[in-house]
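Report on the structure given below.
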Number of protein chains: 2
Amino acid sequence: MTCARTHRYRVTLAERLLHPDNPTLATQIGGRRALFVTTPSVARIYGQEVQALIDRHGLRAELVVLSCSEQHKTLSQVAWLCEEARRRGLDRTGVLVGIGGGVCTDIVSVAASAIRRGISSIRVPTTLIGLIDAGIGLKGAVNFAGKKSFLGCFYPPEAVLIDPAFLRTLPQQLLRVGLAEIIKIALVCDAELFELVVAHGADLLTSSFAAPGEPAKRVLWLSIQRMLEELEQNPYEDRTYERLVDFGHTVSPLLEAATDFTLHHGEAVAVDMALSATLAEELGLLSARDRGRILASLRAAGLPVHVSRLDAALAGEALREAMRHRGGAVNLVVPVAIGRATFLKHPSEIPERALEAAIRRLSSEPAGASPLMLPALAEPPLG
Amino acid sequence: MTCARTHRYRVTLAERLLHPDNPTLATQIGGRRALFVTTPSVARIYGQEVQALIDRHGLRAELVVLSCSEQHKTLSQVAWLCEEARRRGLDRTGVLVGIGGGVCTDIVSVAASAIRRGISSIRVPTTLIGLIDAGIGLKGAVNFAGKKSFLGCFYPPEAVLIDPAFLRTLPQQLLRVGLAEIIKIALVCDAELFELVVAHGADLLTSSFAAPGEPAKRVLWLSIQRMLEELEQNPYEDRTYERLVDFGHTVSPLLEAATDFTLHHGEAVAVDMALSATLAEELGLLSARDRGRILASLRAAGLPVHVSRLDAALAGEALREAMRHRGGAVNLVVPVAIGRATFLKHPSEIPERALEAAIRRLSSEPAGASPLMLPALAEPPLG
């Protein structure tokens, strides 16, 4: 029995997407019944515009609002959304339109993958992480049984529509955590992007990516391009367990879980990158100068480079967990220069002493910005 | 962005699969951590054999038991299984082995598709419906919000292992409902298979498919072959909404839901086929003789050909639901001869009067066997 399937989708720049005269979304949806799914913040700022767009183009669409913090990335939220889709009569040709950050598009993707064994979804990322990372790929996931993204899917959207104007209304802190993912992709494959972030990062944060205009566009564009190039080589993660985009994503999932997801994903990624860079220097793989520049870029972005919850025990467990998750190899991504990285595959390449030394060093240096520490929230029961 | 993916799997005859000396399952699983998932009945009859097989081959496997009635085909059962997989340390290379009927392999497939965005699954069908239909394809689903199979996946298993010996311990009633699916596939594409069922059906039921030996094997083999041929043309149901295997599956989902799933799936399929055949005769598409043979074959198998819950309102709603589900066309499959069927695409091809006449006629003729009517069960809350 052979089952072959090919999906194609475009990540399109769609400026002024919510302007009532802009036909982009309406054209994409056409006559299909649609459910717009968004977050409380996006609804507060853009809810009226979305409704006006629906009315103006006569879309067969309704809008629902979903709590979209990392702590709400649960199976019960997916079940709620599926029930809404059922109640509002979405059939097999229905569309879910996720307008929000990574958590929103994650939940929407999981729901879309499951409803009637798969209906269409459109992603409209509104956060910086969403625009350049979580919102443009084909993955969806929810946290489960205390494990980050334990349940999920590979489920390509039919389209991703990018409007950088959403960044204008994004809180500074969410711009900072987005910068962590930009620095991530820059460090593993694009030195030019890193230099742009170093040169313009502060202005981009202050202006919410409005100024300086050209570098802002270029930073976003390069980040998206590099991410898509990396994803396209291995969209279902079944061709190799060596993924450069895993940089900063080995210790961070456990850090997030250990803090009940009060540490923001982007902050955990920053801490993980700082540790990986420091370890690389300890192992003689990265120059002290480059390690210094990496940590400086994180600190300049207002990101933490260390949190007290990170100790050798947690890091060790994270490496063991990575081996379970990456086909028996650790595949820790460490930078060897700005824009270039390598994989530490075997545990023997990561001596405990070096790991401990790296953590000790980070805990004695300035820790960077204090983490946001969102209020803790118990996972709601299913149903 | 292009995402292409190809899965291949084999449906293999594996006689005496649970015999401790049989290496088939152990070879398939290898050194991977596995979770065997089975039903209370299978555990009672074969649990010790499964455990002996695990011990004998030193498999890193454990056995869990899942309530697997249609009423238990719920998201909360999937969540429970995912939690078990998490608790027992299944990593990304882990395997779920479903040993049971269609509900069991359905739940296992949905869980496998979601755990870490997809781990492997092996299907070992133990019921007749499982062996020749539900257990050999790539679909999984759960009932949700009162809708049959509203949530689910297309998720190919890595292997399907067929051991007809499981039929020896299957209750007669479950053999009968399996025969409904055999008659289904025979009627739409294989006249030889239908004649085999007519000639040997009674003996196959009495002997639990042990005798007569050659026809028994041939009935199973032809059923599996025809089903796989139909599936392979359209594994993700995205190439066409005209699927011959939908025969008997248009009114039946609503009948099942309307009876709180106390009417068995195979019985609902039998009632649906009887209605479709009668409608075909009313419309002059099927001869009275062939319609008579079809209903006789169902009655001979101890299946109902009519239930009082089937009225014109339910049938009408089922046709509208089919249109929503099949891309705007009804695509009602009706037989035009033994082994050949056609699609009624447009509602105008199914005049209300003909539908009502067909139902009236069925309600005035012998209704065939009384349905099993399993005890009703409220859907358990999630979590």
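Labeling convention for the structure tokens: chains A, B, ... as they appear, residues from 1 per chain, ligands from 1 in order of appearance.
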
Exercise for review: When you get a sec, could you note down which chain B residues fall within 6 Å of chain A, using only C-alpha atoms, as a PyMOL selection string?
Suggested key: chain B and resi 1-10+91-92+114-117+150-153+235+324-325+382-383

Just the selected residues (C-alpha atoms), exported as a PDB file, in the first residue's frame, please.
ATOM      1  CA  MET B   1       7.000  25.833   0.509  1.00  0.00           C
ATOM      2  CA  THR B   2       6.611  22.245  -0.689  1.00  0.00           C
ATOM      3  CA  CYS B   3       5.968  19.403   1.723  1.00  0.00           C
ATOM      4  CA  ALA B   4       5.972  15.920   0.189  1.00  0.00           C
ATOM      5  CA  ARG B   5       5.648  12.690   2.032  1.00  0.00           C
ATOM      6  CA  THR B   6       5.262   9.069   1.005  1.00  0.00           C
ATOM      7  CA  HIS B   7       4.347   6.174   3.264  1.00  0.00           C
ATOM      8  CA  ARG B   8       4.431   2.526   2.286  1.00  0.00           C
ATOM      9  CA  TYR B   9       3.078  -0.326   4.310  1.00  0.00           C
ATOM     10  CA  ARG B  10       2.284  -3.971   3.784  1.00  0.00           C
ATOM     11  CA  ASP B  91       9.970   8.268  22.696  1.00  0.00           C
ATOM     12  CA  ARG B  92       9.792   9.420  19.121  1.00  0.00           C
ATOM     13  CA  ALA B 114      -0.531  12.893  17.649  1.00  0.00           C
ATOM     14  CA  ILE B 115       2.178  11.661  20.043  1.00  0.00           C
ATOM     15  CA  ARG B 116       5.240  13.782  19.351  1.00  0.00           C
ATOM     16  CA  ARG B 117       3.591  14.680  16.047  1.00  0.00           C
ATOM     17  CA  PHE B 150     -15.837  13.869  13.543  1.00  0.00           C
ATOM     18  CA  LEU B 151     -12.187  13.993  14.664  1.00  0.00           C
ATOM     19  CA  GLY B 152      -9.470  11.845  13.205  1.00  0.00           C
ATOM     20  CA  CYS B 153      -6.507  11.421  10.939  1.00  0.00           C
ATOM     21  CA  PRO B 235      -5.671   7.173   0.187  1.00  0.00           C
ATOM     22  CA  ARG B 324     -21.446  18.765   3.095  1.00  0.00           C
ATOM     23  CA  HIS B 325     -18.925  15.951   3.519  1.00  0.00           C
ATOM     24  CA  LEU B 382     -12.923  14.426  28.649  1.00  0.00           C
ATOM     25  CA  GLY B 383     -10.037  13.969  31.036  1.00  0.00           C
TER      26      GLY B 383
END

Point to revise | Long-range neighbours of B:Leu285 as a VMD selection string, 9 Å cut-off, only C-alpha atoms, 6 positions minimum in chain | key: chain B and resid 279 334 to 337

What would chain A look like once superposed on chain B, with the fit done by least squares over all C-alpha atoms paired in order? Give it as a CSV table (one decimal) with C-alpha atoms, in the first residue's frame.
chain,number,residue,atom,x,y,z
A,1,MET,CA,6.9,25.8,0.4
A,2,THR,CA,6.5,22.2,-0.8
A,3,CYS,CA,5.9,19.4,1.7
A,4,ALA,CA,5.9,15.9,0.1
A,5,ARG,CA,5.7,12.7,2.0
A,6,THR,CA,5.3,9.1,1.0
A,7,HIS,CA,4.4,6.2,3.3
A,8,ARG,CA,4.4,2.5,2.3
A,9,TYR,CA,3.1,-0.3,4.3
A,10,ARG,CA,2.3,-4.0,3.8
A,11,VAL,CA,-0.8,-6.0,4.8
A,12,THR,CA,0.8,-9.3,5.6
A,13,LEU,CA,-0.8,-12.7,6.3
A,14,ALA,CA,0.8,-13.8,9.6
A,15,GLU,CA,-0.7,-17.0,10.8
A,16,ARG,CA,-0.2,-18.1,14.4
A,17,LEU,CA,1.0,-14.6,15.1
A,18,LEU,CA,0.9,-14.9,18.9
A,19,HIS,CA,2.6,-18.3,19.0
A,20,PRO,CA,5.7,-17.7,21.2
A,21,ASP,CA,8.0,-19.2,18.5
A,22,ASN,CA,6.6,-16.8,15.8
A,23,PRO,CA,9.2,-14.0,15.3
A,24,THR,CA,7.0,-11.8,13.1
A,25,LEU,CA,5.9,-9.2,15.7
A,26,ALA,CA,9.3,-9.2,17.5
A,27,THR,CA,11.1,-8.7,14.2
A,28,GLN,CA,8.8,-5.9,13.3
A,29,ILE,CA,9.3,-4.1,16.6
A,30,GLY,CA,13.0,-4.8,17.1
A,31,GLY,CA,14.6,-2.9,19.9
A,32,ARG,CA,12.1,0.0,20.0
A,33,ARG,CA,10.0,0.6,23.0
A,34,ALA,CA,6.4,-0.5,22.3
A,35,LEU,CA,3.0,-0.2,23.9
A,36,PHE,CA,0.6,-3.0,23.1
A,37,VAL,CA,-3.0,-1.8,23.2
A,38,THR,CA,-5.8,-4.2,23.3
A,39,THR,CA,-9.4,-4.6,24.4
A,40,PRO,CA,-10.9,-6.4,27.5
A,41,SER,CA,-12.1,-9.3,25.4
A,42,VAL,CA,-8.8,-9.8,23.5
A,43,ALA,CA,-6.9,-9.4,26.8
A,44,ARG,CA,-9.1,-12.1,28.4
A,45,ILE,CA,-8.5,-14.6,25.6
A,46,TYR,CA,-5.0,-13.7,24.4
A,47,GLY,CA,-3.5,-11.6,27.1
A,48,GLN,CA,-1.3,-14.4,28.5
A,49,GLU,CA,-0.1,-15.2,25.0
A,50,VAL,CA,0.8,-11.6,24.2
A,51,GLN,CA,2.7,-11.4,27.5
A,52,ALA,CA,4.5,-14.7,26.8
A,53,LEU,CA,5.5,-13.4,23.4
A,54,ILE,CA,6.9,-10.2,24.9
A,55,ASP,CA,8.8,-12.1,27.5
A,56,ARG,CA,10.1,-14.8,25.1
A,57,HIS,CA,11.5,-12.2,22.7
A,58,GLY,CA,12.7,-9.8,25.3
A,59,LEU,CA,10.6,-7.0,23.9
A,60,ARG,CA,10.7,-3.6,25.6
A,61,ALA,CA,7.0,-3.6,25.6
A,62,GLU,CA,4.0,-3.4,28.0
A,63,LEU,CA,0.4,-4.2,27.5
A,64,VAL,CA,-2.5,-1.8,28.2
A,65,VAL,CA,-6.3,-2.6,28.0
A,66,LEU,CA,-8.7,-0.1,26.5
A,67,SER,CA,-12.5,-0.2,26.5
A,68,CYS,CA,-13.2,-0.4,22.8
A,69,SER,CA,-16.9,-0.2,22.0
A,70,GLU,CA,-18.1,2.4,19.5
A,71,GLN,CA,-19.3,4.4,22.5
A,72,HIS,CA,-15.8,4.5,23.9
A,73,LYS,CA,-14.4,5.8,20.6
A,74,THR,CA,-13.8,9.2,22.3
A,75,LEU,CA,-11.1,11.9,22.5
A,76,SER,CA,-10.8,11.2,26.2
A,77,GLN,CA,-9.7,7.6,25.4
A,78,VAL,CA,-7.1,8.9,23.0
A,79,ALA,CA,-5.9,11.3,25.7
A,80,TRP,CA,-5.7,8.4,28.2
A,81,LEU,CA,-3.6,6.4,25.8
A,82,CYS,CA,-1.3,9.3,25.1
A,83,GLU,CA,-0.8,9.7,28.8
A,84,GLU,CA,0.0,6.0,29.2
A,85,ALA,CA,2.6,6.3,26.3
A,86,ARG,CA,4.1,9.4,28.1
A,87,ARG,CA,4.2,7.6,31.5
A,88,ARG,CA,5.8,4.5,30.0
A,89,GLY,CA,8.5,6.6,28.3
A,90,LEU,CA,7.7,6.0,24.6
A,91,ASP,CA,10.0,8.3,22.7
A,92,ARG,CA,9.8,9.5,19.1
A,93,THR,CA,11.0,6.0,18.0
A,94,GLY,CA,8.3,4.3,20.0
A,95,VAL,CA,5.6,2.0,18.6
A,96,LEU,CA,1.9,1.5,19.4
A,97,VAL,CA,0.7,-1.9,18.6
A,98,GLY,CA,-3.1,-2.1,18.3
A,99,ILE,CA,-4.5,-5.6,18.8
A,100,GLY,CA,-8.3,-5.5,18.5
A,101,GLY,CA,-11.2,-4.5,16.3
A,102,GLY,CA,-11.8,-1.3,14.3
A,103,VAL,CA,-12.4,0.9,17.4
A,104,CYS,CA,-9.1,-0.2,18.9
A,105,THR,CA,-7.0,0.4,15.8
A,106,ASP,CA,-8.9,3.7,15.3
A,107,ILE,CA,-8.0,5.0,18.7
A,108,VAL,CA,-4.4,3.7,18.4
A,109,SER,CA,-4.0,5.4,15.0
A,110,VAL,CA,-5.3,8.8,16.3
A,111,ALA,CA,-3.0,8.5,19.4
A,112,ALA,CA,0.0,7.5,17.2
A,113,SER,CA,-0.6,10.4,14.8
A,114,ALA,CA,-0.5,12.9,17.6
A,115,ILE,CA,2.2,11.7,20.0
A,116,ARG,CA,5.3,13.8,19.3
A,117,ARG,CA,3.6,14.7,16.0
A,118,GLY,CA,3.6,11.1,14.9
A,119,ILE,CA,5.1,7.8,16.1
A,120,SER,CA,4.8,4.4,14.5
A,121,SER,CA,1.9,2.1,14.8
A,122,ILE,CA,1.3,-1.6,13.9
A,123,ARG,CA,-2.2,-2.9,13.4
A,124,VAL,CA,-3.2,-6.4,14.4
A,125,PRO,CA,-6.9,-6.6,13.6
A,126,THR,CA,-8.8,-9.3,15.6
A,127,THR,CA,-12.4,-8.9,14.3
A,128,LEU,CA,-13.8,-9.6,10.9
A,129,ILE,CA,-14.5,-5.9,10.2
A,130,GLY,CA,-10.9,-5.2,11.3
A,131,LEU,CA,-9.4,-7.9,9.2
A,132,ILE,CA,-11.0,-6.9,5.9
A,133,ASP,CA,-11.9,-3.2,6.4
A,134,ALA,CA,-11.4,-0.9,9.3
A,135,GLY,CA,-8.0,-2.4,10.4
A,136,ILE,CA,-6.2,-2.4,7.0
A,137,GLY,CA,-6.5,1.2,5.9
A,138,LEU,CA,-4.8,4.4,7.1
A,139,LYS,CA,-7.7,6.1,8.8
A,140,GLY,CA,-8.3,6.7,12.5
A,141,ALA,CA,-11.1,8.5,14.1
A,142,VAL,CA,-13.1,9.2,17.3
A,143,ASN,CA,-16.7,10.2,17.7
A,144,PHE,CA,-17.1,13.8,18.9
A,145,ALA,CA,-20.0,16.1,19.9
A,146,GLY,CA,-22.5,13.4,18.8
A,147,LYS,CA,-20.9,13.0,15.4
A,148,LYS,CA,-19.6,9.7,14.1
A,149,SER,CA,-15.8,10.0,13.4
A,150,PHE,CA,-15.8,13.8,13.6
A,151,LEU,CA,-12.2,14.0,14.7
A,152,GLY,CA,-9.5,11.8,13.2
A,153,CYS,CA,-6.5,11.4,10.9
A,154,PHE,CA,-5.1,9.8,7.8
A,155,TYR,CA,-2.1,8.2,9.3
A,156,PRO,CA,-0.6,5.1,7.7
A,157,PRO,CA,0.5,2.3,10.0
A,158,GLU,CA,4.0,0.9,9.4
A,159,ALA,CA,2.5,-2.6,9.1
A,160,VAL,CA,-0.7,-4.6,9.3
A,161,LEU,CA,-0.5,-8.2,10.4
A,162,ILE,CA,-3.4,-10.5,9.5
A,163,ASP,CA,-4.1,-13.7,11.5
A,164,PRO,CA,-7.5,-15.2,10.6
A,165,ALA,CA,-7.2,-17.4,13.7
A,166,PHE,CA,-8.5,-14.5,15.8
A,167,LEU,CA,-11.9,-15.2,14.1
A,168,ARG,CA,-12.1,-18.5,15.9
A,169,THR,CA,-12.9,-16.8,19.2
A,170,LEU,CA,-15.0,-14.0,17.8
A,171,PRO,CA,-18.7,-14.1,18.9
A,172,GLN,CA,-21.1,-15.0,16.0
A,173,GLN,CA,-22.7,-11.6,16.1
A,174,LEU,CA,-19.3,-9.9,15.3
A,175,LEU,CA,-18.8,-12.4,12.4
A,176,ARG,CA,-22.2,-11.4,11.1
A,177,VAL,CA,-21.5,-7.6,11.1
A,178,GLY,CA,-18.1,-8.3,9.5
A,179,LEU,CA,-20.0,-10.1,6.7
A,180,ALA,CA,-21.9,-6.8,6.1
A,181,GLU,CA,-18.6,-5.2,5.0
A,182,ILE,CA,-17.6,-8.2,2.9
A,183,ILE,CA,-21.0,-8.0,1.1
A,184,LYS,CA,-20.4,-4.2,0.7
A,185,ILE,CA,-17.0,-4.5,-1.1
A,186,ALA,CA,-18.4,-7.5,-3.1
A,187,LEU,CA,-21.4,-5.6,-4.3
A,188,VAL,CA,-19.5,-2.6,-5.6
A,189,CYS,CA,-16.6,-4.4,-7.3
A,190,ASP,CA,-16.4,-8.2,-7.1
A,191,ALA,CA,-19.2,-10.5,-8.3
A,192,GLU,CA,-17.1,-13.6,-7.6
A,193,LEU,CA,-16.7,-12.6,-4.0
A,194,PHE,CA,-20.5,-12.1,-3.7
A,195,GLU,CA,-21.2,-15.6,-5.1
A,196,LEU,CA,-18.7,-17.1,-2.7
A,197,VAL,CA,-20.5,-15.4,0.2
A,198,VAL,CA,-23.9,-16.6,-1.0
A,199,ALA,CA,-22.6,-20.1,-1.5
A,200,HIS,CA,-20.6,-20.5,1.7
A,201,GLY,CA,-21.7,-17.7,4.1
A,202,ALA,CA,-23.6,-20.0,6.4
A,203,ASP,CA,-20.7,-22.4,6.7
A,204,LEU,CA,-18.2,-19.6,7.2
A,205,LEU,CA,-20.3,-18.2,10.1
A,206,THR,CA,-20.8,-21.6,11.7
A,207,SER,CA,-17.1,-22.5,11.4
A,208,SER,CA,-15.8,-19.0,12.2
A,209,PHE,CA,-14.1,-19.0,8.8
A,210,ALA,CA,-12.3,-22.3,9.5
A,211,ALA,CA,-14.4,-24.2,6.9
A,212,PRO,CA,-14.6,-24.7,4.1
A,213,GLY,CA,-10.9,-23.9,4.1
A,214,GLU,CA,-10.3,-22.7,0.5
A,215,PRO,CA,-13.4,-20.5,0.2
A,216,ALA,CA,-12.8,-19.1,3.6
A,217,LYS,CA,-9.3,-18.0,2.7
A,218,ARG,CA,-10.4,-16.8,-0.7
A,219,VAL,CA,-13.3,-14.7,0.8
A,220,LEU,CA,-10.9,-13.0,3.2
A,221,TRP,CA,-8.2,-12.5,0.7
A,222,LEU,CA,-10.4,-11.1,-2.0
A,223,SER,CA,-12.1,-8.8,0.5
A,224,ILE,CA,-8.7,-7.4,1.6
A,225,GLN,CA,-7.4,-7.1,-1.9
A,226,ARG,CA,-10.4,-5.2,-3.2
A,227,MET,CA,-10.4,-2.9,-0.2
A,228,LEU,CA,-6.7,-2.1,-0.6
A,229,GLU,CA,-7.2,-1.5,-4.4
A,230,GLU,CA,-10.0,1.0,-3.6
A,231,LEU,CA,-8.0,2.7,-0.9
A,232,GLU,CA,-4.9,3.0,-2.9
A,233,GLN,CA,-6.6,5.0,-5.6
A,234,ASN,CA,-7.4,7.8,-3.1
A,235,PRO,CA,-5.7,7.2,0.2
A,236,TYR,CA,-6.2,10.7,1.5
A,237,GLU,CA,-9.6,11.1,-0.1
A,238,ASP,CA,-8.4,14.2,-1.7
A,239,ARG,CA,-8.4,13.0,-5.3
A,240,THR,CA,-12.1,12.4,-5.6
A,241,TYR,CA,-15.2,12.4,-3.5
A,242,GLU,CA,-16.6,9.4,-5.5
A,243,ARG,CA,-15.6,6.4,-3.4
A,244,LEU,CA,-17.1,3.1,-4.0
A,245,VAL,CA,-16.3,2.0,-0.5
A,246,ASP,CA,-18.8,4.6,0.7
A,247,PHE,CA,-21.5,2.1,-0.3
A,248,GLY,CA,-23.6,1.5,2.9
A,249,HIS,CA,-21.9,4.5,4.6
A,250,THR,CA,-24.2,7.4,3.8
A,251,VAL,CA,-27.3,6.8,6.0
A,252,SER,CA,-25.5,4.5,8.5
A,253,PRO,CA,-23.4,7.2,10.3
A,254,LEU,CA,-26.6,9.1,11.3
A,255,LEU,CA,-28.3,5.8,12.2
A,256,GLU,CA,-25.5,4.9,14.5
A,257,ALA,CA,-25.5,8.4,16.1
A,258,ALA,CA,-29.3,8.4,16.3
A,259,THR,CA,-29.2,5.2,18.3
A,260,ASP,CA,-26.4,6.4,20.6
A,261,PHE,CA,-24.2,3.9,18.8
A,262,THR,CA,-26.3,1.0,20.2
A,263,LEU,CA,-26.9,-0.1,16.6
A,264,HIS,CA,-23.7,-1.8,15.5
A,265,HIS,CA,-21.7,-0.2,12.7
A,266,GLY,CA,-22.1,-3.3,10.5
A,267,GLU,CA,-25.8,-3.5,11.1
A,268,ALA,CA,-26.2,0.1,10.2
A,269,VAL,CA,-24.2,-0.5,7.0
A,270,ALA,CA,-26.5,-3.5,6.2
A,271,VAL,CA,-29.6,-1.3,6.6
A,272,ASP,CA,-28.0,1.4,4.5
A,273,MET,CA,-27.2,-1.1,1.7
A,274,ALA,CA,-30.7,-2.5,1.7
A,275,LEU,CA,-32.1,1.1,1.4
A,276,SER,CA,-29.6,2.0,-1.4
A,277,ALA,CA,-30.5,-1.2,-3.3
A,278,THR,CA,-34.2,-0.7,-2.9
A,279,LEU,CA,-33.9,2.9,-4.0
A,280,ALA,CA,-31.8,1.8,-7.0
A,281,GLU,CA,-34.6,-0.6,-8.0
A,282,GLU,CA,-37.2,2.2,-7.5
A,283,LEU,CA,-35.2,4.3,-9.9
A,284,GLY,CA,-34.9,1.6,-12.5
A,285,LEU,CA,-31.2,1.2,-12.0
A,286,LEU,CA,-31.2,-2.3,-10.5
A,287,SER,CA,-33.2,-5.3,-11.4
A,288,ALA,CA,-35.8,-6.7,-8.9
A,289,ARG,CA,-33.9,-10.0,-9.0
A,290,ASP,CA,-30.6,-8.5,-8.1
A,291,ARG,CA,-32.2,-6.4,-5.4
A,292,GLY,CA,-33.8,-9.5,-4.0
A,293,ARG,CA,-30.5,-11.4,-4.0
A,294,ILE,CA,-28.8,-8.5,-2.2
A,295,LEU,CA,-31.4,-8.4,0.6
A,296,ALA,CA,-31.5,-12.2,0.8
A,297,SER,CA,-27.7,-12.2,1.3
A,298,LEU,CA,-28.0,-9.7,4.2
A,299,ARG,CA,-30.9,-11.7,5.8
A,300,ALA,CA,-29.0,-14.9,5.4
A,301,ALA,CA,-26.0,-13.4,7.2
A,302,GLY,CA,-28.4,-12.6,10.1
A,303,LEU,CA,-28.2,-8.9,9.4
A,304,PRO,CA,-31.1,-6.4,9.7
A,305,VAL,CA,-32.3,-4.8,6.4
A,306,HIS,CA,-34.5,-2.3,8.2
A,307,VAL,CA,-34.8,-0.6,11.6
A,308,SER,CA,-37.7,1.6,12.7
A,309,ARG,CA,-35.4,4.5,13.4
A,310,LEU,CA,-34.8,4.9,9.6
A,311,ASP,CA,-37.4,7.3,8.3
A,312,ALA,CA,-37.5,9.8,5.4
A,313,ALA,CA,-36.4,12.7,7.7
A,314,LEU,CA,-33.3,10.9,8.8
A,315,ALA,CA,-32.5,9.7,5.3
A,316,GLY,CA,-32.9,13.2,4.0
A,317,GLU,CA,-30.7,14.7,6.6
A,318,ALA,CA,-28.1,12.0,5.8
A,319,LEU,CA,-28.1,13.0,2.1
A,320,ARG,CA,-27.6,16.7,3.1
A,321,GLU,CA,-24.8,15.7,5.4
A,322,ALA,CA,-23.2,13.7,2.6
A,323,MET,CA,-23.2,16.7,0.4
A,324,ARG,CA,-21.5,18.7,3.1
A,325,HIS,CA,-19.0,15.9,3.5
A,326,ARG,CA,-18.4,15.1,-0.1
A,327,GLY,CA,-17.5,18.4,-1.7
A,328,GLY,CA,-21.0,19.5,-2.6
A,329,ALA,CA,-22.1,16.2,-4.2
A,330,VAL,CA,-24.3,13.6,-2.6
A,331,ASN,CA,-22.4,10.7,-4.2
A,332,LEU,CA,-24.8,8.1,-2.9
A,333,VAL,CA,-23.4,4.7,-4.0
A,334,VAL,CA,-26.1,2.4,-5.4
A,335,PRO,CA,-25.7,-1.0,-6.9
A,336,VAL,CA,-26.6,-1.4,-10.6
A,337,ALA,CA,-25.8,-5.1,-10.7
A,338,ILE,CA,-24.1,-7.6,-8.5
A,339,GLY,CA,-20.5,-6.4,-8.4
A,340,ARG,CA,-21.1,-3.0,-10.0
A,341,ALA,CA,-22.3,0.3,-8.6
A,342,THR,CA,-22.8,3.9,-9.6
A,343,PHE,CA,-23.0,7.3,-7.9
A,344,LEU,CA,-26.1,9.4,-7.5
A,345,LYS,CA,-24.4,12.8,-7.5
A,346,HIS,CA,-27.1,15.4,-7.5
A,347,PRO,CA,-30.1,15.6,-5.1
A,348,SER,CA,-32.3,15.7,-8.2
A,349,GLU,CA,-31.2,12.1,-9.0
A,350,ILE,CA,-32.7,11.0,-5.6
A,351,PRO,CA,-36.4,12.2,-5.7
A,352,GLU,CA,-38.0,12.3,-2.3
A,353,ARG,CA,-40.8,10.2,-3.5
A,354,ALA,CA,-38.5,7.4,-4.5
A,355,LEU,CA,-36.7,7.6,-1.2
A,356,GLU,CA,-40.0,7.4,0.7
A,357,ALA,CA,-41.3,4.6,-1.4
A,358,ALA,CA,-38.1,2.6,-0.7
A,359,ILE,CA,-38.3,3.1,3.0
A,360,ARG,CA,-42.1,2.2,3.0
A,361,ARG,CA,-41.3,-0.9,1.1
A,362,LEU,CA,-38.6,-2.0,3.5
A,363,SER,CA,-40.7,-1.3,6.5
A,364,SER,CA,-43.5,-3.6,5.2
A,365,GLU,CA,-41.1,-6.5,4.3
A,366,PRO,CA,-39.4,-8.8,6.7
A,367,ALA,CA,-36.8,-6.7,8.5
A,368,GLY,CA,-34.2,-9.4,8.8
A,369,ALA,CA,-32.4,-10.1,12.0
A,370,SER,CA,-33.1,-8.0,15.1
A,371,PRO,CA,-30.2,-5.6,15.7
A,372,LEU,CA,-27.8,-6.4,18.6
A,373,MET,CA,-28.7,-3.1,20.4
A,374,LEU,CA,-25.7,-2.8,22.7
A,375,PRO,CA,-26.4,-1.1,26.0
A,376,ALA,CA,-26.5,2.6,25.7
A,377,LEU,CA,-23.7,4.5,27.3
A,378,ALA,CA,-23.3,8.2,27.9
A,379,GLU,CA,-20.1,9.6,26.4
A,380,PRO,CA,-17.7,10.0,29.3
A,381,PRO,CA,-16.4,13.5,30.0
A,382,LEU,CA,-13.0,14.4,28.6
A,383,GLY,CA,-10.1,14.0,31.0

Exercise for review: as a VMD selection string, list the residues of stretch 90-182 of chain A assigned to alpha helix (DSSP H) by DSSP on the backbone atoms of this structure.
Suggested key: chain A and resid 102 to 114 128 to 129 172 to 182
